[in-house]
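Structure data (compact mmCIF, C-alpha atoms) from entry33.txt:
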# COMPACT_ATOMS: atom_id res chain seq x y z
CA MET U 1 62.77 73.99 55.21
CA ILE U 2 62.45 77.77 55.71
CA PHE U 3 59.57 79.54 57.43
CA ARG U 4 59.44 83.25 56.57
CA ALA U 5 57.41 86.03 58.25
CA LYS U 6 57.33 89.80 58.60
CA TYR U 7 58.90 89.48 62.05
CA ILE U 8 60.86 86.81 63.91
CA LEU U 9 61.16 86.94 67.69
CA PRO U 10 63.95 84.52 68.64
CA ASN U 11 63.44 85.57 72.24
CA SER U 12 61.83 88.39 74.23
CA ARG U 13 64.68 90.85 73.57
CA GLN U 14 65.21 90.51 69.82
CA ILE U 15 63.06 91.31 66.78
CA ILE U 16 64.18 90.46 63.24
CA GLU U 17 62.25 92.24 60.50
CA ASN U 18 61.60 90.26 57.31
CA GLY U 19 63.06 87.24 59.05
CA ALA U 20 63.06 83.49 58.70
CA VAL U 21 63.65 80.27 60.60
CA ALA U 22 65.42 77.39 58.85
CA ILE U 23 64.90 73.90 60.21
CA HIS U 24 66.23 70.44 59.48
CA GLY U 25 64.41 67.52 61.01
CA SER U 26 63.46 68.46 64.57
CA GLU U 27 66.07 71.21 65.05
CA ILE U 28 66.56 74.83 64.14
CA VAL U 29 69.59 75.28 61.90
CA ASP U 30 69.46 79.06 61.45
CA VAL U 31 67.51 82.18 62.40
CA GLY U 32 67.97 85.54 60.73
CA ARG U 33 67.05 87.78 57.81
CA TYR U 34 65.12 86.03 55.08
CA SER U 35 67.37 87.54 52.41
CA ALA U 36 70.34 85.72 53.95
CA LEU U 37 68.66 82.41 54.74
CA ARG U 38 67.09 81.90 51.32
CA ARG U 39 70.56 81.84 49.76
CA THR U 40 71.49 78.78 51.82
CA GLY U 41 69.19 76.52 49.81
CA ALA U 42 67.69 75.01 52.96
CA GLY U 43 64.72 73.48 51.13
CA PRO U 44 61.11 74.57 50.56
CA ILE U 45 59.90 77.96 51.76
CA ARG U 46 56.67 78.60 53.70
CA ASP U 47 55.87 82.32 53.55
CA LEU U 48 53.56 83.31 56.41
CA GLY U 49 53.23 86.92 55.29
CA GLU U 50 52.14 89.56 57.82
CA ALA U 51 52.86 87.37 60.80
CA THR U 52 55.31 86.99 63.65
CA ILE U 53 57.13 83.74 64.32
CA LEU U 54 58.02 83.25 67.97
CA PRO U 55 58.96 80.39 70.29
CA GLY U 56 56.18 77.91 70.97
CA LEU U 57 54.32 78.57 74.21
CA VAL U 58 54.92 76.31 77.20
CA ASN U 59 51.88 75.44 79.30
CA SER U 60 53.71 74.37 82.43
CA HIS U 61 50.71 73.05 84.36
CA THR U 62 47.60 71.43 82.95
CA HIS U 63 45.38 68.37 83.38
CA LEU U 64 44.45 67.17 79.90
CA GLU U 65 42.49 64.21 81.22
CA LEU U 66 40.03 66.68 82.83
CA THR U 67 39.27 68.45 79.54
CA ASN U 68 35.66 67.23 79.52
CA HIS U 69 35.02 67.91 83.21
CA GLY U 70 34.07 71.52 82.61
CA ALA U 71 30.57 70.36 81.69
CA PHE U 72 30.06 68.76 85.13
CA VAL U 73 31.72 71.19 87.53
CA GLU U 74 30.11 74.31 88.96
CA ARG U 75 32.31 77.24 89.86
CA THR U 76 32.92 77.64 93.58
CA PRO U 77 35.41 79.62 95.70
CA GLN U 78 35.97 76.57 97.90
CA LEU U 79 38.60 74.19 96.52
CA THR U 80 37.37 71.26 98.62
CA GLU U 81 33.86 71.57 97.14
CA TRP U 82 35.42 71.64 93.66
CA LEU U 83 37.53 68.57 94.46
CA LEU U 84 34.44 66.65 95.58
CA GLN U 85 32.82 67.49 92.24
CA ILE U 86 35.90 66.20 90.41
CA VAL U 87 35.95 62.98 92.44
CA SER U 88 32.23 62.35 91.98
CA ASN U 89 32.50 62.87 88.21
CA GLN U 90 35.76 60.99 87.76
CA GLN U 91 35.64 58.67 84.76
CA SER U 92 37.19 55.22 84.63
CA ASP U 93 36.28 54.60 81.00
CA LYS U 94 39.48 54.61 78.94
CA ALA U 95 37.79 55.72 75.72
CA TRP U 96 36.24 58.70 77.51
CA VAL U 97 39.59 59.78 78.99
CA ASP U 98 41.33 59.24 75.65
CA ARG U 99 38.86 61.57 73.95
CA ALA U 100 39.37 64.19 76.67
CA ILE U 101 43.15 64.07 76.19
CA GLN U 102 42.93 64.20 72.40
CA SER U 103 40.53 67.14 72.55
CA GLY U 104 42.74 68.95 75.05
CA VAL U 105 45.81 68.47 72.87
CA GLN U 106 44.07 69.92 69.83
CA MET U 107 42.82 72.92 71.82
CA SER U 108 46.33 73.46 73.16
CA LEU U 109 47.99 73.33 69.75
CA ALA U 110 45.41 75.71 68.28
CA GLY U 111 46.05 78.13 71.15
CA GLY U 112 49.80 78.31 70.50
CA THR U 113 51.06 75.69 72.93
CA THR U 114 53.91 73.46 71.81
CA THR U 115 54.80 71.98 75.23
CA VAL U 116 52.68 70.92 78.19
CA GLY U 117 53.51 69.90 81.73
CA ASP U 118 50.61 67.48 82.09
CA ILE U 119 49.46 66.00 85.38
CA HIS U 120 48.26 62.47 84.65
CA GLY U 121 46.51 60.19 87.10
CA PHE U 122 44.83 57.77 84.68
CA GLY U 123 47.66 55.42 83.76
CA GLN U 124 45.72 53.55 81.09
CA SER U 125 45.82 56.52 78.70
CA VAL U 126 49.57 57.08 78.64
CA GLN U 127 49.83 55.70 75.11
CA THR U 128 47.27 58.27 73.96
CA LEU U 129 49.47 61.04 75.30
CA LYS U 130 52.58 59.46 73.82
CA ASP U 131 50.92 59.43 70.40
CA ALA U 132 49.80 63.07 70.67
CA PRO U 133 51.87 65.46 68.48
CA ILE U 134 52.69 67.87 71.30
CA ARG U 135 55.82 68.00 73.43
CA LYS U 136 54.98 66.92 76.96
CA VAL U 137 56.41 66.25 80.36
CA LEU U 138 53.94 63.71 81.68
CA PHE U 139 53.85 63.84 85.48
CA PHE U 140 52.40 60.66 86.95
CA GLU U 141 50.17 61.81 89.80
CA THR U 142 49.62 59.79 92.95
CA THR U 143 47.79 60.27 96.24
CA GLY U 144 47.55 58.53 99.58
CA PHE U 145 47.15 60.23 102.95
CA SER U 146 46.55 57.43 105.45
CA PRO U 147 49.26 54.77 105.90
CA GLU U 148 47.29 52.18 103.90
CA ARG U 149 46.45 54.62 101.09
CA SER U 150 50.02 55.89 101.06
CA ARG U 151 51.28 52.37 100.43
CA MET U 152 48.76 52.08 97.61
CA GLY U 153 50.03 55.40 96.23
CA VAL U 154 53.60 54.09 96.25
CA ARG U 155 52.57 50.95 94.38
CA ARG U 156 50.55 53.02 91.91
CA ILE U 157 53.34 55.37 90.88
CA ASP U 158 55.94 52.58 90.81
CA SER U 159 53.66 50.64 88.48
CA HIS U 160 53.10 53.66 86.24
CA ILE U 161 56.83 54.24 85.88
CA GLU U 162 57.66 50.56 85.32
CA THR U 163 54.95 49.91 82.70
CA ALA U 164 55.00 53.24 80.83
CA PRO U 165 55.87 53.24 77.14
CA LYS U 166 59.43 54.23 76.37
CA PRO U 167 59.93 58.03 76.35
CA ASP U 168 60.85 59.66 73.07
CA SER U 169 61.99 62.96 71.61
CA ILE U 170 58.80 64.77 72.65
CA LEU U 171 57.86 62.75 75.75
CA THR U 172 59.48 62.95 79.17
CA TYR U 173 58.15 61.40 82.39
CA GLY U 174 57.99 62.94 85.84
CA VAL U 175 56.43 62.26 89.24
CA SER U 176 53.80 64.25 91.11
CA PRO U 177 52.46 63.53 94.59
CA HIS U 178 49.26 65.54 94.45
CA ALA U 179 49.35 67.89 97.46
CA PRO U 180 50.23 67.95 101.18
CA TYR U 181 46.58 67.45 102.17
CA SER U 182 46.22 64.32 100.00
CA SER U 183 49.69 62.72 100.07
CA ALA U 184 51.44 61.44 103.16
CA ASP U 185 54.99 62.35 104.09
CA THR U 186 56.09 58.79 103.27
CA LEU U 187 54.63 59.14 99.76
CA TYR U 188 56.43 62.43 99.19
CA ARG U 189 59.72 60.89 100.34
CA HIS U 190 59.23 57.89 98.07
CA CYS U 191 58.53 60.16 95.10
CA CYS U 192 61.69 62.12 95.92
CA GLU U 193 63.73 58.91 95.94
CA LEU U 194 62.12 57.81 92.68
CA ALA U 195 62.76 61.15 91.00
CA PHE U 196 66.36 61.26 92.23
CA SER U 197 67.25 57.70 91.24
CA ARG U 198 65.74 58.02 87.75
CA GLU U 199 66.57 61.71 87.19
CA LEU U 200 62.89 62.61 86.70
CA PRO U 201 61.29 66.05 87.08
CA PHE U 202 59.15 66.51 90.18
CA CYS U 203 55.91 68.48 90.49
CA THR U 204 53.33 69.04 93.21
CA HIS U 205 50.40 71.36 93.96
CA LEU U 206 51.40 73.65 96.80
CA SER U 207 50.04 76.47 98.96
CA GLU U 208 47.00 76.75 96.75
CA THR U 209 44.60 77.95 99.46
CA GLU U 210 44.69 79.47 102.92
CA SER U 211 42.83 76.36 104.10
CA GLU U 212 45.87 74.26 103.15
CA ILE U 213 47.99 76.47 105.40
CA GLU U 214 45.52 76.00 108.27
CA PHE U 215 45.46 72.24 107.76
CA LEU U 216 49.25 71.87 107.97
CA ALA U 217 49.44 74.25 110.92
CA ALA U 218 46.68 72.78 113.08
CA GLY U 219 45.04 69.83 111.30
CA THR U 220 41.72 71.65 111.19
CA GLY U 221 39.45 73.25 108.62
CA VAL U 222 37.86 72.21 105.35
CA PHE U 223 40.63 69.80 104.35
CA ALA U 224 40.13 67.85 107.57
CA ASP U 225 36.42 67.83 106.75
CA LEU U 226 37.19 66.63 103.21
CA LEU U 227 39.27 63.70 104.45
CA GLU U 228 36.48 62.77 106.83
CA ALA U 229 33.90 62.97 104.04
CA LEU U 230 36.07 60.66 101.93
CA GLN U 231 36.48 58.32 104.93
CA ILE U 232 40.25 58.80 104.98
CA SER U 233 41.73 58.36 108.44
CA MET U 234 43.84 61.09 110.08
CA GLU U 235 44.39 58.97 113.19
CA ASP U 236 48.11 58.37 112.63
CA TRP U 237 48.86 61.88 111.35
CA ARG U 238 50.00 64.93 113.27
CA PRO U 239 50.07 68.40 111.68
CA PRO U 240 53.67 69.52 111.08
CA ASN U 241 52.88 73.10 112.12
CA ARG U 242 54.78 74.48 109.14
CA THR U 243 53.80 76.40 106.04
CA PRO U 244 53.43 74.23 102.93
CA VAL U 245 56.75 75.50 101.55
CA GLN U 246 58.63 74.84 104.81
CA HIS U 247 57.01 71.41 104.98
CA MET U 248 58.34 70.59 101.51
CA LYS U 249 61.78 71.74 102.60
CA ALA U 250 61.65 69.46 105.64
CA LEU U 251 60.65 66.49 103.47
CA GLY U 252 63.52 67.08 101.03
CA VAL U 253 61.21 67.99 98.16
CA LEU U 254 62.91 71.32 97.47
CA GLU U 255 66.20 69.49 96.90
CA MET U 256 64.54 68.12 93.73
CA ARG U 257 64.31 71.67 92.29
CA PRO U 258 60.61 70.93 91.83
CA LEU U 259 57.93 72.59 89.76
CA LEU U 260 55.37 73.95 92.22
CA ALA U 261 51.86 74.58 90.94
CA HIS U 262 49.96 77.67 92.15
CA CYS U 263 51.79 78.93 95.31
CA ASN U 264 49.00 81.46 95.81
CA TYR U 265 49.79 82.18 99.47
CA LEU U 266 53.43 82.60 100.52
CA THR U 267 55.23 84.32 103.35
CA ASP U 268 58.40 86.33 102.75
CA GLU U 269 60.35 83.47 104.36
CA ASP U 270 58.69 81.01 101.97
CA ILE U 271 59.79 83.07 98.99
CA ARG U 272 63.38 83.29 100.24
CA THR U 273 63.35 79.52 100.73
CA LEU U 274 62.10 78.94 97.18
CA ALA U 275 64.70 81.29 95.76
CA ASP U 276 67.49 79.52 97.62
CA SER U 277 66.28 76.09 96.50
CA GLY U 278 66.06 76.71 92.77
CA ALA U 279 62.43 75.58 92.66
CA SER U 280 60.15 76.94 89.94
CA VAL U 281 56.60 78.19 90.42
CA VAL U 282 53.74 77.85 87.93
CA PHE U 283 51.20 80.64 88.17
CA CYS U 284 47.81 79.79 86.61
CA PRO U 285 46.21 83.25 86.24
CA ARG U 286 42.70 82.32 85.12
CA SER U 287 42.45 79.36 87.50
CA HIS U 288 43.55 81.78 90.24
CA HIS U 289 40.66 84.03 89.17
CA TYR U 290 38.26 81.07 88.85
CA PHE U 291 38.62 80.33 92.56
CA TYR U 292 38.34 84.03 93.46
CA HIS U 293 41.89 84.31 94.77
CA THR U 294 43.52 87.73 94.90
CA ASN U 295 47.03 89.15 95.32
CA HIS U 296 49.19 86.35 93.99
CA PRO U 297 52.80 86.90 95.20
CA LEU U 298 54.03 87.06 91.59
CA LEU U 299 55.98 90.30 91.87
CA ARG U 300 57.60 89.23 95.13
CA LEU U 301 58.68 85.97 93.51
CA PHE U 302 60.20 87.86 90.58
CA ALA U 303 61.99 90.23 92.95
CA ALA U 304 63.53 87.28 94.79
CA GLY U 305 64.75 85.70 91.56
CA VAL U 306 62.37 82.72 91.51
CA ASN U 307 61.71 81.23 88.08
CA VAL U 308 57.97 81.74 87.40
CA ALA U 309 56.17 80.05 84.51
CA ILE U 310 52.52 80.03 83.38
CA GLY U 311 49.91 77.28 83.14
CA THR U 312 46.24 77.00 82.29
CA ASP U 313 45.29 74.28 84.77
CA SER U 314 42.34 72.31 83.34
CA LEU U 315 39.02 73.15 81.69
CA ALA U 316 37.44 72.22 85.02
CA SER U 317 38.83 75.52 86.39
CA ASN U 318 39.37 77.61 83.28
CA TRP U 319 37.54 78.84 80.20
CA SER U 320 40.00 77.64 77.56
CA LEU U 321 43.34 75.88 77.15
CA SER U 322 44.72 78.65 74.94
CA MET U 323 48.00 80.02 76.25
CA LEU U 324 47.39 83.14 74.15
CA ASP U 325 44.18 83.66 76.12
CA GLU U 326 46.11 83.08 79.35
CA LEU U 327 48.72 85.68 78.42
CA ARG U 328 46.09 88.24 77.44
CA PHE U 329 44.30 87.78 80.74
CA LEU U 330 47.55 88.08 82.69
CA GLY U 331 48.56 91.20 80.76
CA LYS U 332 45.28 92.92 81.61
CA ALA U 333 45.26 91.82 85.25
CA TRP U 334 48.92 92.77 85.78
CA GLU U 335 49.43 95.87 83.69
CA CYS U 336 52.80 96.46 85.35
CA LEU U 337 54.23 93.40 83.59
CA PRO U 338 55.91 94.31 80.28
CA PRO U 339 55.17 92.10 77.26
CA GLU U 340 58.75 90.82 77.37
CA THR U 341 58.17 89.39 80.85
CA LEU U 342 54.90 87.79 79.78
CA LEU U 343 56.59 86.09 76.85
CA ASN U 344 59.46 84.83 79.02
CA MET U 345 57.00 83.31 81.49
CA ALA U 346 55.29 81.42 78.67
CA THR U 347 58.46 80.27 76.90
CA ILE U 348 61.96 80.09 78.37
CA ASN U 349 60.78 80.09 82.01
CA GLY U 350 58.45 77.19 81.28
CA GLY U 351 61.17 75.22 79.55
CA ARG U 352 63.47 75.81 82.51
CA GLY U 353 60.82 74.72 85.02
CA LEU U 354 60.15 71.51 83.07
CA ARG U 355 63.91 70.85 82.67
CA LEU U 356 63.73 71.04 78.89
CA ASN U 357 67.02 72.63 77.95
CA GLN U 358 66.36 73.33 74.26
CA VAL U 359 62.81 74.67 74.46
CA GLY U 360 61.72 78.28 74.85
CA LYS U 361 63.62 80.30 72.27
CA LEU U 362 64.56 80.16 68.60
CA GLU U 363 68.26 79.42 68.33
CA LYS U 364 70.52 77.21 66.26
CA GLY U 365 70.58 73.72 67.69
CA TRP U 366 67.39 74.21 69.71
CA GLN U 367 64.19 72.32 69.09
CA ALA U 368 62.07 73.53 66.16
CA ASP U 369 59.09 74.42 68.34
CA PHE U 370 57.47 77.66 67.21
CA ILE U 371 54.20 79.37 66.34
CA ALA U 372 53.18 82.06 63.86
CA ILE U 373 50.83 84.80 65.05
CA GLU U 374 48.85 86.89 62.58
CA LEU U 375 49.21 90.51 63.70
CA PRO U 376 46.34 93.02 63.78
CA ASN U 377 48.54 95.80 62.30
CA SER U 378 47.32 98.16 65.00
CA GLY U 379 50.38 100.42 64.99
CA GLN U 380 51.45 99.17 68.43
CA PRO U 381 54.91 97.70 69.03
CA VAL U 382 55.22 94.17 67.69
CA MET U 383 55.37 92.59 71.13
CA ALA U 384 52.17 94.34 72.21
CA GLN U 385 50.39 93.26 69.03
CA ILE U 386 51.04 89.61 69.84
CA PHE U 387 48.87 89.95 72.93
CA ASP U 388 46.12 91.91 71.17
CA GLU U 389 42.68 90.27 71.32
CA SER U 390 42.46 90.17 67.52
CA ALA U 391 45.82 88.44 67.02
CA CYS U 392 45.40 84.77 66.17
CA ASN U 393 47.58 81.71 65.84
CA LEU U 394 48.19 80.59 62.26
CA LEU U 395 50.65 77.75 62.72
CA THR U 396 52.04 75.49 65.45
CA VAL U 397 55.21 73.51 64.82
CA VAL U 398 56.54 70.91 67.29
CA GLY U 399 59.89 69.27 66.68
CA GLY U 400 59.82 70.44 63.07
CA ARG U 401 56.36 69.00 62.45
CA VAL U 402 53.37 71.21 61.59
CA CYS U 403 50.79 70.16 64.18
CA TYR U 404 48.25 72.93 63.65
CA ASP U 405 47.60 74.94 60.52
CA ALA U 406 44.76 77.48 60.55
CA GLN U 407 44.59 77.34 56.76
CA ALA U 408 43.84 73.63 56.89
CA ALA U 409 41.57 73.75 59.95
Since I need it in another form, could you write the structure as structure tokens?
Amino acid sequence: MIFRAKYILPNSRQIIENGAVAIHGSEIVDVGRYSALRRTGAGPIRDLGEATILPGLVNSHTHLELTNHGAFVERTPQLTEWLLQIVSNQQSDKAWVDRAIQSGVQMSLAGGTTTVGDIHGFGQSVQTLKDAPIRKVLFFETTGFSPERSRMGVRRIDSHIETAPKPDSILTYGVSPHAPYSSADTLYRHCCELAFSRELPFCTHLSETESEIEFLAAGTGVFADLLEALQISMEDWRPPNRTPVQHMKALGVLEMRPLLAHCNYLTDEDIRTLADSGASVVFCPRSHHYFYHTNHPLLRLFAAGVNVAIGTDSLASNWSLSMLDELRFLGKAWECLPPETLLNMATINGGRGLRLNQVGKLEKGWQADFIAIELPNSGQPVMAQIFDESACNLLTVVGGRVCYDAQAA
């Protein structure tokens, strides 16, 4: 089949006018001028008119199971207060979580996302995610800070991995100990061993707040208060007196080339360590704003050569799951970032961080994951028009399958 549009953006550096993408099954078989591709007889033609076809957007960090939590959570600058709201409103009803996931998937597809890095703690709904028509790296999340809870966390993630449905062409599994303030060193090491032995991607939340830094340095502050409020013992724990990044290095986590969510507060040494390790960072711009953070070390990470991707986080700390919305917000907040950089963060960088080698650009042999954006015809360069407020997503294709069609919505 051939998809034709006014412009094709195979990647952030190339624009093909009056272009087309030819696909067969789940793969791209050709990208180029429409006049050339139509002569190949590659099947039916879908003409998208005054639109731009570009690689599908990669939401590298989200929590689809929290899609319905936005109705119960009040905005607060204090992460621990937010976490207590999440815990108190946590649902154990499978049908409720299934609906949240299904709704989140549809929102994501409509907003231009073809791939998600989804943090999943509710193991009973894995089949719902498997059945969803979106490419996903499903990171099984586990927690356990005290020795007893850490052992429970080990059993939990082992069970998730052992009983999970078989992965497929659009489903990959990964592991995710939640964060250094909720997961013991033994749990992190176990997850490293699990990821290494099964060749699974590894993700964790890291250096999200200054309070996390205080907790690992001295064992004090709001995270100590949170553990006490949840009746989780700190008796057998001693603070490592290291930054979160250096703590991950000491535990062997950085050897996994992990995907690190947030990294809002980093020292220059931390950034050099991340660059040397090959770890990737997921910046969640609107979640960063939701918690009133400022001065994310984004530019310093870029300068050091760290791979930086973009995520939405969940609707419990964001206003939508649209990656187009996320990119527009980031472009306004960081006017120094050229559109090409924004697109890379939401495509090829995300694919690299999730270890998906054929996701993030339109190229022969790569996965047929792409979207079509209707342009506002504002006279701006094509790349700038994509991020215009009036530009909208017309079509989302995942693995050669049309998963969202604005004309049919």
task: Pick out the residues sitting within 8 Å of stretch 371-381 of chain U, and hand them over as a ChimeraX atom specification; count only C-alpha atoms, and ignore anything fewer than 6 positions along from it in its own chain.
output: /U:48,50-57,112,388,390-397
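Taking only C-alpha atoms into account, U:Ile28 lies nearest to U:Pro10 out of the set U:Pro44, U:Pro147, U:Gly311, U:Pro10.
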message: One decimal, in Å: what's the spacing between atom CA of U:Tyr7 and atom CA of U:Val31?
response: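 Separation of atom CA of U:Tyr7 and atom CA of U:Val31: 11.3 Å.
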query: Using only C-alpha atoms, which of U:Thr243, U:Ser314, U:Gln124, U:Ser26 sits nearest U:Met107?
result: U:Ser314
- prompt: Could you pull the residues within 8 Å of U:Ile16, counting all atoms listed in the file, minus those fewer than 3 positions along the same chain, as a list in words?
  reply: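 In the requested form, the answer reads Tyr7, Ile8, Leu9, Gly19, Gly32 and Arg33 of chain U.
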Can you list, as a PDB file with C-alpha atoms, in the coordinates of the input, every protein, DNA or RNA residue that comes within 12 Å of U:Ile213 when you count all atoms listed in the file, leaving out same-chain residues fewer than 5 positions away?
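Generated output (result_28.pdb):
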ATOM      1  CA  ALA U 179      49.350  67.890  97.460  1.00  0.00           C
ATOM      2  CA  PRO U 180      50.230  67.950 101.180  1.00  0.00           C
ATOM      3  CA  TYR U 181      46.580  67.450 102.170  1.00  0.00           C
ATOM      4  CA  LEU U 206      51.400  73.650  96.800  1.00  0.00           C
ATOM      5  CA  SER U 207      50.040  76.470  98.960  1.00  0.00           C
ATOM      6  CA  GLU U 208      47.000  76.750  96.750  1.00  0.00           C
ATOM      7  CA  ALA U 218      46.680  72.780 113.080  1.00  0.00           C
ATOM      8  CA  GLY U 219      45.040  69.830 111.300  1.00  0.00           C
ATOM      9  CA  THR U 220      41.720  71.650 111.190  1.00  0.00           C
ATOM     10  CA  GLY U 221      39.450  73.250 108.620  1.00  0.00           C
ATOM     11  CA  VAL U 222      37.860  72.210 105.350  1.00  0.00           C
ATOM     12  CA  PHE U 223      40.630  69.800 104.350  1.00  0.00           C
ATOM     13  CA  ALA U 224      40.130  67.850 107.570  1.00  0.00           C
ATOM     14  CA  PRO U 239      50.070  68.400 111.680  1.00  0.00           C
ATOM     15  CA  PRO U 240      53.670  69.520 111.080  1.00  0.00           C
ATOM     16  CA  ASN U 241      52.880  73.100 112.120  1.00  0.00           C
ATOM     17  CA  ARG U 242      54.780  74.480 109.140  1.00  0.00           C
ATOM     18  CA  THR U 243      53.800  76.400 106.040  1.00  0.00           C
ATOM     19  CA  PRO U 244      53.430  74.230 102.930  1.00  0.00           C
ATOM     20  CA  VAL U 245      56.750  75.500 101.550  1.00  0.00           C
ATOM     21  CA  GLN U 246      58.630  74.840 104.810  1.00  0.00           C
ATOM     22  CA  HIS U 247      57.010  71.410 104.980  1.00  0.00           C
ATOM     23  CA  CYS U 263      51.790  78.930  95.310  1.00  0.00           C
ATOM     24  CA  ASN U 264      49.000  81.460  95.810  1.00  0.00           C
ATOM     25  CA  TYR U 265      49.790  82.180  99.470  1.00  0.00           C
ATOM     26  CA  LEU U 266      53.430  82.600 100.520  1.00  0.00           C
ATOM     27  CA  THR U 267      55.230  84.320 103.350  1.00  0.00           C
TER      28      THR U 267
END
Could you give me the centre and size, in Å to one decimal, of an axis-aligned box around all listed atoms of stretch 68-78 of chain U with 4 Å added on every side, as JSON?
{"center_x": 33.0, "center_y": 73.4, "center_z": 88.7, "size_x": 13.9, "size_y": 20.4, "size_z": 26.4}
- prompt: Which one is closest to U:Asp118: U:Ser169, U:Thr341, U:Ser211, U:Ser176? Count only C-alpha atoms.
  reply: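 Going through U:Ser169, U:Thr341, U:Ser211, U:Ser176 one by one, the smallest distance to U:Asp118 is for U:Ser176.
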- request: One decimal, Å: what's the distance from atom CA of U:Ala36 over to atom CA of U:Glu363, could you say?
  value: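 Result for atom CA of U:Ala36 versus atom CA of U:Glu363: 15.8 Å, one decimal.
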task: Could you tell me which of U:Asp405, U:Glu389, U:Glu340, U:Glu269 comes closest to U:Arg328 if we count all atoms listed in the file?
output: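 Going through U:Asp405, U:Glu389, U:Glu340, U:Glu269 one by one, the smallest distance to U:Arg328 is for U:Glu389.
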- prompt: If you count all atoms listed in the file, which residues fall within 6 Å of U:Leu254, apart from same-chain ones fewer than 3 positions away, as a PyMOL selection string?
  reply: chain U and resi 249+257+277
field: Test item: which residues lie within 12 Å of (51.3, 54.6, 104.2) counting all atoms listed in the file, as a list of chain:residue names
entry: U:Thr143, U:Gly144, U:Phe145, U:Ser146, U:Pro147, U:Glu148, U:Arg149, U:Ser150, U:Arg151, U:Met152, U:Gly153, U:Val154, U:Arg155, U:Ser182, U:Ser183, U:Ala184, U:Asp185, U:Thr186, U:Leu187, U:Tyr188, U:Arg189, U:His190, U:Ile232, U:Ser233, U:Met234, U:Asp236, U:Trp237
query: Quick one: residues within 6 Å of U:Ala275, only C-alpha atoms counted, chain neighbours fewer than 3 positions away excluded, as a PyMOL selection string?
result: chain U and resi 272+278+306
